>>> print(open('start_34.cif').read())   # mmCIF, C-alpha atoms
data_my_file
loop_
_atom_site.label_atom_id
_atom_site.label_comp_id
_atom_site.auth_asym_id
_atom_site.auth_seq_id
_atom_site.Cartn_x
_atom_site.Cartn_y
_atom_site.Cartn_z
CA MET A 19 -9.86 19.25 84.82
CA ALA A 20 -6.27 19.57 86.04
CA GLY A 21 -6.80 17.17 88.91
CA VAL A 22 -8.50 14.51 86.84
CA ARG A 23 -6.29 11.73 85.64
CA LEU A 24 -7.11 8.90 83.21
CA ASP A 25 -6.53 5.39 84.39
CA THR A 26 -3.92 3.20 82.76
CA SER A 27 -6.32 1.31 80.50
CA GLU A 28 -7.77 4.52 79.01
CA GLU A 29 -4.29 5.92 78.33
CA ASN A 30 -3.33 2.73 76.54
CA ASP A 31 -6.50 2.87 74.42
CA ILE A 32 -5.79 6.44 73.31
CA SER A 33 -2.08 5.94 72.63
CA GLU A 34 -2.59 2.63 70.83
CA GLU A 35 -2.15 2.96 67.10
CA LEU A 36 -5.09 1.59 65.17
CA VAL A 37 -4.56 -0.89 62.37
CA PRO A 38 -5.78 0.25 58.90
CA LYS A 39 -8.48 -1.66 57.11
CA LYS A 40 -7.27 -4.46 54.87
CA LYS A 41 -7.54 -3.93 51.13
CA CYS A 42 -9.37 -0.63 51.46
CA THR A 43 -9.69 1.68 48.44
CA SER A 44 -11.72 4.59 49.80
CA GLU A 45 -9.90 7.61 51.21
CA ILE A 46 -12.34 7.72 54.13
CA TRP A 47 -10.54 4.81 55.78
CA GLN A 48 -7.50 6.94 56.59
CA TYR A 49 -9.58 8.38 59.48
CA PHE A 50 -10.71 5.01 60.87
CA GLY A 51 -9.08 1.76 61.94
CA PHE A 52 -9.17 -1.34 64.13
CA LYS A 53 -7.48 -2.59 67.26
CA ARG A 54 -4.63 -5.01 66.69
CA GLU A 55 -6.38 -7.82 68.53
CA ASP A 56 -9.43 -7.35 66.30
CA VAL A 57 -8.07 -9.72 63.67
CA SER A 58 -11.41 -10.03 61.88
CA GLN A 59 -11.74 -6.22 61.86
CA MET A 60 -15.32 -6.19 63.09
CA GLN A 61 -15.29 -3.04 65.26
CA VAL A 62 -14.54 0.22 63.41
CA LEU A 63 -12.97 2.96 65.56
CA CYS A 64 -12.51 6.64 64.79
CA LYS A 65 -8.83 7.57 65.01
CA SER A 66 -9.68 11.00 66.44
CA CYS A 67 -12.20 10.21 69.17
CA ARG A 68 -11.84 6.43 69.43
CA LYS A 69 -15.61 6.04 69.23
CA THR A 70 -17.04 2.93 67.65
CA VAL A 71 -18.81 3.51 64.36
CA VAL A 72 -21.31 0.87 63.36
CA THR A 73 -21.00 0.00 59.65
CA SER A 74 -21.47 -3.03 57.47
CA ARG A 75 -18.73 -4.47 55.29
CA GLY A 76 -18.07 -2.34 52.24
CA ASN A 77 -20.50 0.41 53.32
CA THR A 78 -18.88 3.72 54.25
CA THR A 79 -22.01 5.89 54.63
CA ASN A 80 -21.82 5.92 58.45
CA LEU A 81 -18.11 6.73 58.28
CA HIS A 82 -18.80 9.81 56.15
CA SER A 83 -21.62 10.84 58.49
CA HIS A 84 -19.50 10.45 61.63
CA LEU A 85 -16.64 12.49 60.20
CA GLU A 86 -18.95 15.23 58.91
CA HIS A 87 -20.88 15.71 62.18
CA ASN A 88 -18.09 15.16 64.68
CA HIS A 89 -14.89 16.25 62.98
CA ARG A 90 -15.80 18.99 60.53
CA GLU A 91 -12.23 20.08 59.76
CA LEU A 92 -11.15 16.52 59.01
CA PHE A 93 -14.21 16.08 56.83
CA GLU A 94 -13.27 19.18 54.77
CA ASP A 95 -9.72 17.82 54.37
CA PHE A 96 -11.18 14.51 53.25
CA ARG A 97 -13.36 16.22 50.59
CA LYS A 98 -10.36 18.14 49.22
CA CYS A 99 -8.21 15.00 49.02
CA LYS A 100 -11.00 13.10 47.33
CA ALA A 101 -11.49 15.89 44.75
CA ILE A 102 -7.76 15.90 43.93
CA SER A 103 -7.69 12.10 43.61
CA THR A 104 -10.71 12.12 41.30
CA LYS A 105 -9.18 14.82 39.07
CA THR A 106 -5.85 12.96 38.88
CA ALA A 107 -7.61 9.70 37.98
CA ASN A 108 -9.54 11.41 35.19
CA GLU A 109 -6.40 13.00 33.73
CA LYS A 110 -4.23 9.90 33.98
CA PRO A 111 -4.23 7.89 30.74
CA SER A 112 -5.42 4.36 31.12
CA ASN A 113 -4.63 1.47 28.81
CA ASN A 114 -8.10 0.08 29.44
CA LYS A 115 -9.99 3.36 29.23
CA GLY A 116 -12.55 3.18 26.47
CA ALA A 117 -11.32 -0.27 25.50
CA VAL A 118 -13.85 -2.39 23.71
CA GLN A 119 -13.53 -6.13 23.62
CA THR A 120 -12.74 -7.37 20.14
CA THR A 121 -15.46 -9.50 18.65
CA ILE A 122 -14.83 -12.80 16.90
CA ASP A 123 -15.69 -11.24 13.53
CA GLN A 124 -13.21 -8.40 14.14
CA SER A 125 -10.50 -10.88 15.13
CA PHE A 126 -10.94 -12.78 11.87
CA THR A 127 -11.02 -9.50 9.92
CA ASN A 128 -7.76 -8.27 11.49
CA SER A 129 -5.98 -11.49 10.57
CA THR A 130 -7.37 -11.74 7.02
CA SER A 131 -5.38 -10.35 4.10
CA TYR A 132 -6.82 -7.58 1.95
CA GLY A 133 -8.53 -8.75 -1.19
CA LYS A 134 -6.58 -7.94 -4.35
CA THR A 135 -9.52 -5.88 -5.61
CA SER A 136 -9.96 -3.98 -2.34
CA LYS A 137 -9.32 -0.23 -2.14
CA ARG A 138 -6.64 -0.58 0.56
CA HIS A 139 -4.68 -3.20 -1.41
CA LYS A 140 -4.72 -0.97 -4.49
CA GLU A 141 -3.58 2.10 -2.52
CA LEU A 142 -0.61 0.26 -1.02
CA THR A 143 0.37 -1.34 -4.34
CA ASP A 144 0.24 2.06 -6.08
CA ALA A 145 2.44 3.52 -3.33
CA VAL A 146 5.07 0.78 -3.77
CA THR A 147 4.95 1.20 -7.56
CA ARG A 148 5.48 4.95 -7.26
CA PHE A 149 8.40 4.32 -4.90
CA LEU A 150 10.07 2.02 -7.45
CA ALA A 151 9.50 4.42 -10.35
CA LYS A 152 10.16 7.75 -8.62
CA ASP A 153 13.34 6.65 -6.84
CA MET A 154 14.46 4.44 -9.77
CA MET A 155 14.77 1.39 -7.56
CA PRO A 156 15.39 -2.07 -9.04
CA VAL A 157 12.20 -4.12 -9.30
CA ASN A 158 13.71 -6.97 -7.29
CA THR A 159 13.53 -4.65 -4.24
CA VAL A 160 10.03 -6.03 -3.59
CA SER A 161 11.43 -9.53 -3.11
CA LYS A 162 14.20 -8.57 -0.66
CA GLU A 163 13.78 -9.74 2.93
CA GLY A 164 14.24 -6.32 4.51
CA PHE A 165 11.65 -4.59 2.34
CA VAL A 166 9.14 -7.43 2.75
CA GLY A 167 9.63 -7.26 6.52
CA LEU A 168 9.08 -3.49 6.50
CA ILE A 169 5.80 -3.81 4.59
CA ASN A 170 4.62 -6.59 6.90
CA LYS A 171 5.42 -4.44 9.94
CA LEU A 172 3.51 -1.46 8.54
CA ASP A 173 0.44 -3.49 7.61
CA ARG A 174 0.43 -7.24 8.11
CA ARG A 175 -2.82 -7.60 6.16
CA TYR A 176 -1.17 -6.44 2.92
CA GLN A 177 0.34 -9.18 0.79
CA LEU A 178 3.06 -7.73 -1.43
CA PRO A 179 2.67 -8.76 -5.11
CA SER A 180 5.52 -10.47 -6.92
CA ARG A 181 8.28 -8.64 -8.77
CA ASN A 182 6.81 -9.88 -12.07
CA TYR A 183 3.56 -8.09 -11.28
CA PHE A 184 5.38 -4.80 -10.74
CA SER A 185 7.57 -5.14 -13.83
CA HIS A 186 4.85 -6.38 -16.23
CA VAL A 187 1.67 -4.78 -14.84
CA ALA A 188 2.03 -2.08 -12.19
CA ILE A 189 4.92 -0.05 -13.65
CA PRO A 190 3.53 -0.17 -17.24
CA GLN A 191 0.20 1.06 -15.84
CA ILE A 192 1.77 4.02 -14.06
CA TYR A 193 3.74 4.76 -17.23
CA ASP A 194 0.56 4.78 -19.32
CA THR A 195 -1.09 7.13 -16.83
CA CYS A 196 1.90 9.47 -16.95
CA VAL A 197 1.88 9.46 -20.76
CA LYS A 198 -1.82 10.36 -20.85
CA THR A 199 -1.26 13.25 -18.44
CA VAL A 200 1.67 14.69 -20.40
CA SER A 201 -0.14 14.21 -23.72
CA SER A 202 -3.08 16.18 -22.37
CA GLU A 203 -0.76 19.02 -21.40
CA LEU A 204 1.00 19.05 -24.78
CA ARG A 205 -2.28 19.23 -26.69
CA GLN A 206 -2.93 22.61 -25.12
CA LEU A 207 0.41 24.12 -26.22
CA ASP A 208 0.73 26.85 -28.79
CA PHE A 209 4.51 27.12 -28.59
CA TYR A 210 7.33 25.42 -26.74
CA ALA A 211 11.12 25.35 -26.41
CA SER A 212 13.32 22.29 -26.05
CA THR A 213 16.71 20.96 -24.97
CA THR A 214 18.60 17.86 -26.04
CA ASP A 215 21.82 16.05 -25.21
CA LEU A 216 23.68 12.85 -25.99
CA TRP A 217 25.80 10.84 -23.56
CA SER A 218 26.98 7.34 -22.69
CA SER A 219 26.00 5.39 -19.58
CA ARG A 220 28.44 3.76 -17.18
CA THR A 221 28.18 0.65 -19.30
CA THR A 222 29.06 2.76 -22.40
CA GLU A 223 25.55 2.49 -23.84
CA PRO A 224 24.63 5.62 -25.87
CA TYR A 225 21.47 7.62 -25.17
CA MET A 226 19.78 10.76 -26.42
CA SER A 227 17.33 12.84 -24.37
CA TYR A 228 14.72 15.38 -25.43
CA THR A 229 12.94 17.77 -23.05
CA VAL A 230 10.28 20.41 -23.69
CA HIS A 231 9.72 23.62 -21.72
CA PHE A 232 6.48 25.58 -21.89
CA LEU A 233 4.18 28.03 -20.16
CA THR A 234 0.66 27.02 -19.16
CA GLN A 235 -2.34 29.29 -19.60
CA ASP A 236 -1.72 30.43 -16.01
CA PHE A 237 1.88 31.37 -16.94
CA GLU A 238 3.34 28.48 -14.95
CA LEU A 239 6.66 27.23 -16.32
CA LYS A 240 6.72 23.46 -16.78
CA THR A 241 9.33 21.01 -18.02
CA ARG A 242 8.63 17.52 -19.36
CA CYS A 243 11.23 14.99 -20.45
CA LEU A 244 9.65 13.32 -23.48
CA GLY A 245 12.26 10.70 -24.05
CA VAL A 246 15.58 9.15 -23.08
CA VAL A 247 16.16 7.09 -26.19
CA TYR A 248 18.68 4.31 -26.66
CA PHE A 249 20.77 5.56 -29.58
CA PRO A 250 23.13 2.82 -30.83
CA GLU A 251 23.42 4.31 -34.33
CA SER A 252 26.47 6.26 -35.37
CA HIS A 253 26.22 9.79 -33.98
CA THR A 254 26.18 11.49 -37.33
CA SER A 255 24.28 14.73 -37.77
CA GLU A 256 21.79 12.97 -40.08
CA ASN A 257 20.99 10.25 -37.52
CA ILE A 258 20.64 12.81 -34.73
CA ALA A 259 18.35 15.01 -36.84
CA HIS A 260 16.17 12.00 -37.68
CA GLY A 261 16.06 10.87 -34.04
CA LEU A 262 14.90 14.30 -32.85
CA ARG A 263 12.11 14.40 -35.45
CA ASP A 264 10.98 10.92 -34.33
CA VAL A 265 10.57 12.14 -30.74
CA LEU A 266 8.38 15.03 -31.88
CA ALA A 267 6.28 12.72 -34.05
CA SER A 268 5.75 10.25 -31.20
CA TRP A 269 4.16 13.04 -29.11
CA ASN A 270 2.31 14.69 -32.00
CA LEU A 271 4.29 17.92 -31.63
CA LYS A 272 4.59 20.22 -34.62
CA GLU A 273 8.07 21.38 -35.56
CA GLU A 274 6.85 24.83 -36.53
CA ASN A 275 5.58 25.40 -32.99
CA GLN A 276 9.06 24.89 -31.55
CA VAL A 277 10.50 28.31 -30.74
CA SER A 278 14.08 27.10 -30.30
CA ILE A 279 16.23 24.17 -29.17
CA THR A 280 19.19 24.51 -26.80
CA THR A 281 22.21 22.23 -27.28
CA ASP A 282 25.90 22.03 -26.50
CA ASN A 283 28.54 22.95 -29.11
CA GLY A 284 29.04 19.47 -30.50
CA ALA A 285 29.56 19.80 -34.25
CA ASN A 286 27.24 16.87 -35.04
CA VAL A 287 24.42 18.26 -32.88
CA VAL A 288 24.81 21.76 -34.31
CA LYS A 289 24.67 20.32 -37.82
CA ALA A 290 21.59 18.24 -36.93
CA THR A 291 19.61 21.34 -35.91
CA GLU A 292 20.63 23.02 -39.17
CA LEU A 293 19.40 20.00 -41.16
CA ASN A 294 16.02 20.26 -39.40
CA ASN A 295 15.95 24.06 -39.94
CA TRP A 296 15.45 24.61 -36.20
CA VAL A 297 16.44 27.76 -34.33
CA ARG A 298 19.26 26.82 -32.00
CA LEU A 299 20.50 28.43 -28.78
CA GLN A 300 23.90 27.68 -27.28
CA CYS A 301 23.92 26.20 -23.78
CA PHE A 302 25.26 28.84 -21.39
CA GLY A 303 26.35 26.26 -18.81
CA HIS A 304 28.29 24.29 -21.40
CA ARG A 305 30.07 27.37 -22.76
CA LEU A 306 30.88 28.56 -19.23
CA HIS A 307 32.38 25.16 -18.46
CA LEU A 308 34.51 25.34 -21.61
CA ALA A 309 35.69 28.86 -20.74
CA ILE A 310 36.71 27.86 -17.22
CA GLY A 311 38.48 24.76 -18.50
CA GLU A 312 40.36 26.82 -21.09
CA CYS A 313 41.51 29.30 -18.44
CA LEU A 314 42.77 26.54 -16.19
CA TYR A 315 44.55 24.92 -19.10
CA LEU A 316 46.36 28.15 -20.00
CA GLN A 317 47.64 28.51 -16.46
#
>>> encode(input="start_34.cif", output="structure tokens")
Amino acid sequence: MAGVRLDTSEENDISEELVPKKKCTSEIWQYFGFKREDVSQMQVLCKSCRKTVVTSRGNTTNLHSHLEHNHRELFEDFRKCKAISTKTANEKPSNNKGAVQTTIDQSFTNSTSYGKTSKRHKELTDAVTRFLAKDMMPVNTVSKEGFVGLINKLDRRYQLPSRNYFSHVAIPQIYDTCVKTVSSELRQLDFYASTTDLWSSRTTEPYMSYTVHFLTQDFELKTRCLGVVYFPESHTSENIAHGLRDVLASWNLKEENQVSITTDNGANVVKATELNNWVRLQCFGHRLHLAIGECLYLQ
């Protein structure tokens, strides 16, 4: 009524801001509070109607009931906020979500090195061996501090074998496996072509290479280097011819199945193919290089 006026004490009660509950986690408490003088927070008051709501510590059932039956709009807002909070909590990644306490047995297992006969130890050793062979890395790489630290960081349970193991065991094993694979391929050949070359290393050591090229039964072109042979003998045509025949013999390849051999125009190499009675093709790249060099020289 327009003529009715609240007394001073009632106005103070309504205008007084209620204190929130200490250490509350439920969203329902944003609609309820306590008077400032209620230090023990024993009397719960509704922020909207200032009515006392009887509830025990930690139990919010009566709070939900009061809001639902007396303040329907606020109750609907509360339900929406709670649904959003629940969805956000479910989507938010948690470091402890699904975490399982590690058992004593698991702790010992995680700190124990792989056995040398274990599958994991063999897989990692094979990977390091392939790295050394494929990238032509020096064997002492496995004893360098940086590489050892990298392996330990990737898997601390793996104990890297010594360099002697890689040089005397692991690399010879991967070589033997490679030889068996190539030998199996060569046994299926009817015909093949080849290339060869001679050169000196940076330390002036002489070498001769021999490579075969062939088609598989599925018409897939493959190339296999069968040898890079240390060749300290004098590079006479006779020695070269003998060295090439030795490579074929070591792989059980028949000379008559060789369609042709491609070489550069070195007189000793050309003569060597003639001594072996092999069909020879001139290397297009080598002749092109000679032609370009001759043109530049004439200018």
>>> residues_around(input="start_34.cif", residues="Asn182 in chain A", least_positions_apart="6", cutoff="10 Å", atoms="all atoms listed in the file", output="number ranges by chain")
A: 157-158, 160, 188
>>> write_last_selection(input="start_34.cif", atoms="C-alpha atoms", output="compact mmCIF listing (two decimals), keeping the file's coordinate frame")
# COMPACT_ATOMS: atom_id res chain seq x y z
CA VAL A 157 12.20 -4.12 -9.30
CA ASN A 158 13.71 -6.97 -7.29
CA VAL A 160 10.03 -6.03 -3.59
CA ALA A 188 2.03 -2.08 -12.19
>>> atom_distance(input="start_34.cif", atom1="CA of Asp173 in chain A", atom2="CA of Met155 in chain A")
21.4 Å
>>> closest_atom_pairs(input="start_34.cif", of="range 188-224 of chain A", to="range 237-257 of chain A", cutoff="12 Å", atoms="only C-alpha atoms", output="Markdown table")
| residue | atom | partner | partner_atom | distance |
| --- | --- | --- | --- | --- |
| A:Cys196 | CA | A:Arg242 | CA | 10.8 |
| A:Val197 | CA | A:Leu244 | CA | 9.1 |
| A:Thr199 | CA | A:Arg242 | CA | 10.8 |
| A:Val200 | CA | A:Arg242 | CA | 7.6 |
| A:Ser201 | CA | A:Leu244 | CA | 9.8 |
| A:Glu203 | CA | A:Arg242 | CA | 9.7 |
| A:Leu204 | CA | A:Arg242 | CA | 9.5 |
| A:Leu207 | CA | A:Lys240 | CA | 11.4 |
| A:Tyr210 | CA | A:Thr241 | CA | 10.0 |
| A:Ala211 | CA | A:Thr241 | CA | 9.6 |
| A:Ser212 | CA | A:Thr241 | CA | 9.1 |
| A:Thr213 | CA | A:Cys243 | CA | 9.3 |
| A:Thr214 | CA | A:Val246 | CA | 9.7 |
| A:Asp215 | CA | A:Val246 | CA | 9.5 |
| A:Leu216 | CA | A:Phe249 | CA | 8.6 |
| A:Trp217 | CA | A:Phe249 | CA | 9.5 |
| A:Ser218 | CA | A:Phe249 | CA | 9.4 |
| A:Ser219 | CA | A:Tyr248 | CA | 10.2 |
| A:Thr222 | CA | A:Pro250 | CA | 10.3 |
| A:Glu223 | CA | A:Pro250 | CA | 7.4 |
| A:Pro224 | CA | A:Phe249 | CA | 5.4 |
>>> resolve_selection(input="start_34.cif", expression="the PyMOL selection byres ((chain A and resi 159) around 12)", output="MDAnalysis selection string")
chainID A and resid 146:147 149:151 153:158 160:169 178:182 184:185
>>> closest_residue(input="start_34.cif", among="A:Tyr183, A:Leu306, A:Ser278, A:Lys198", to="Val230 in chain A", atoms="only C-alpha atoms")
A:Ser278
>>> closest_residue(input="start_34.cif", among="A:Ser136, A:Thr78, A:Thr73, A:Asn170", to="Trp47 in chain A", atoms="all atoms listed in the file")
A:Thr78
>>> closest_residue(input="start_34.cif", among="A:Tyr228, A:Tyr315, A:Tyr132, A:Phe209", to="Tyr176 in chain A", atoms="all atoms listed in the file")
A:Tyr132
>>> residues_near_point(input="start_34.cif", point="(-11.9, 15.6, 57.5)", cutoff="12 Å", atoms="all atoms listed in the file", output="list of chain:residue names")
A:Glu45, A:Ile46, A:Trp47, A:Gln48, A:Tyr49, A:Phe50, A:Cys64, A:Lys65, A:Ser66, A:Leu81, A:His82, A:Ser83, A:His84, A:Leu85, A:Glu86, A:His87, A:Asn88, A:His89, A:Arg90, A:Glu91, A:Leu92, A:Phe93, A:Glu94, A:Asp95, A:Phe96, A:Arg97, A:Lys98, A:Cys99, A:Lys100
>>> atom_distance(input="start_34.cif", atom1="CA of Gln177 in chain A", atom2="CA of Arg138 in chain A")
11.1 Å
>>> atom_distance(input="start_34.cif", atom1="CA of Thr281 in chain A", atom2="CA of Leu308 in chain A")
13.9 Å
>>> resolve_selection(input="start_34.cif", expression="the PyMOL selection byres ((chain A and resi 52) around 10)", output="list in words")
Glu35, Leu36, Val37, Pro38, Lys39, Lys40, Phe50, Gly51, Lys53, Arg54, Glu55, Asp56, Val57, Ser58, Gln59, Met60, Gln61, Val62, Leu63, Cys64, Lys65, Arg68 and Thr70 of chain A
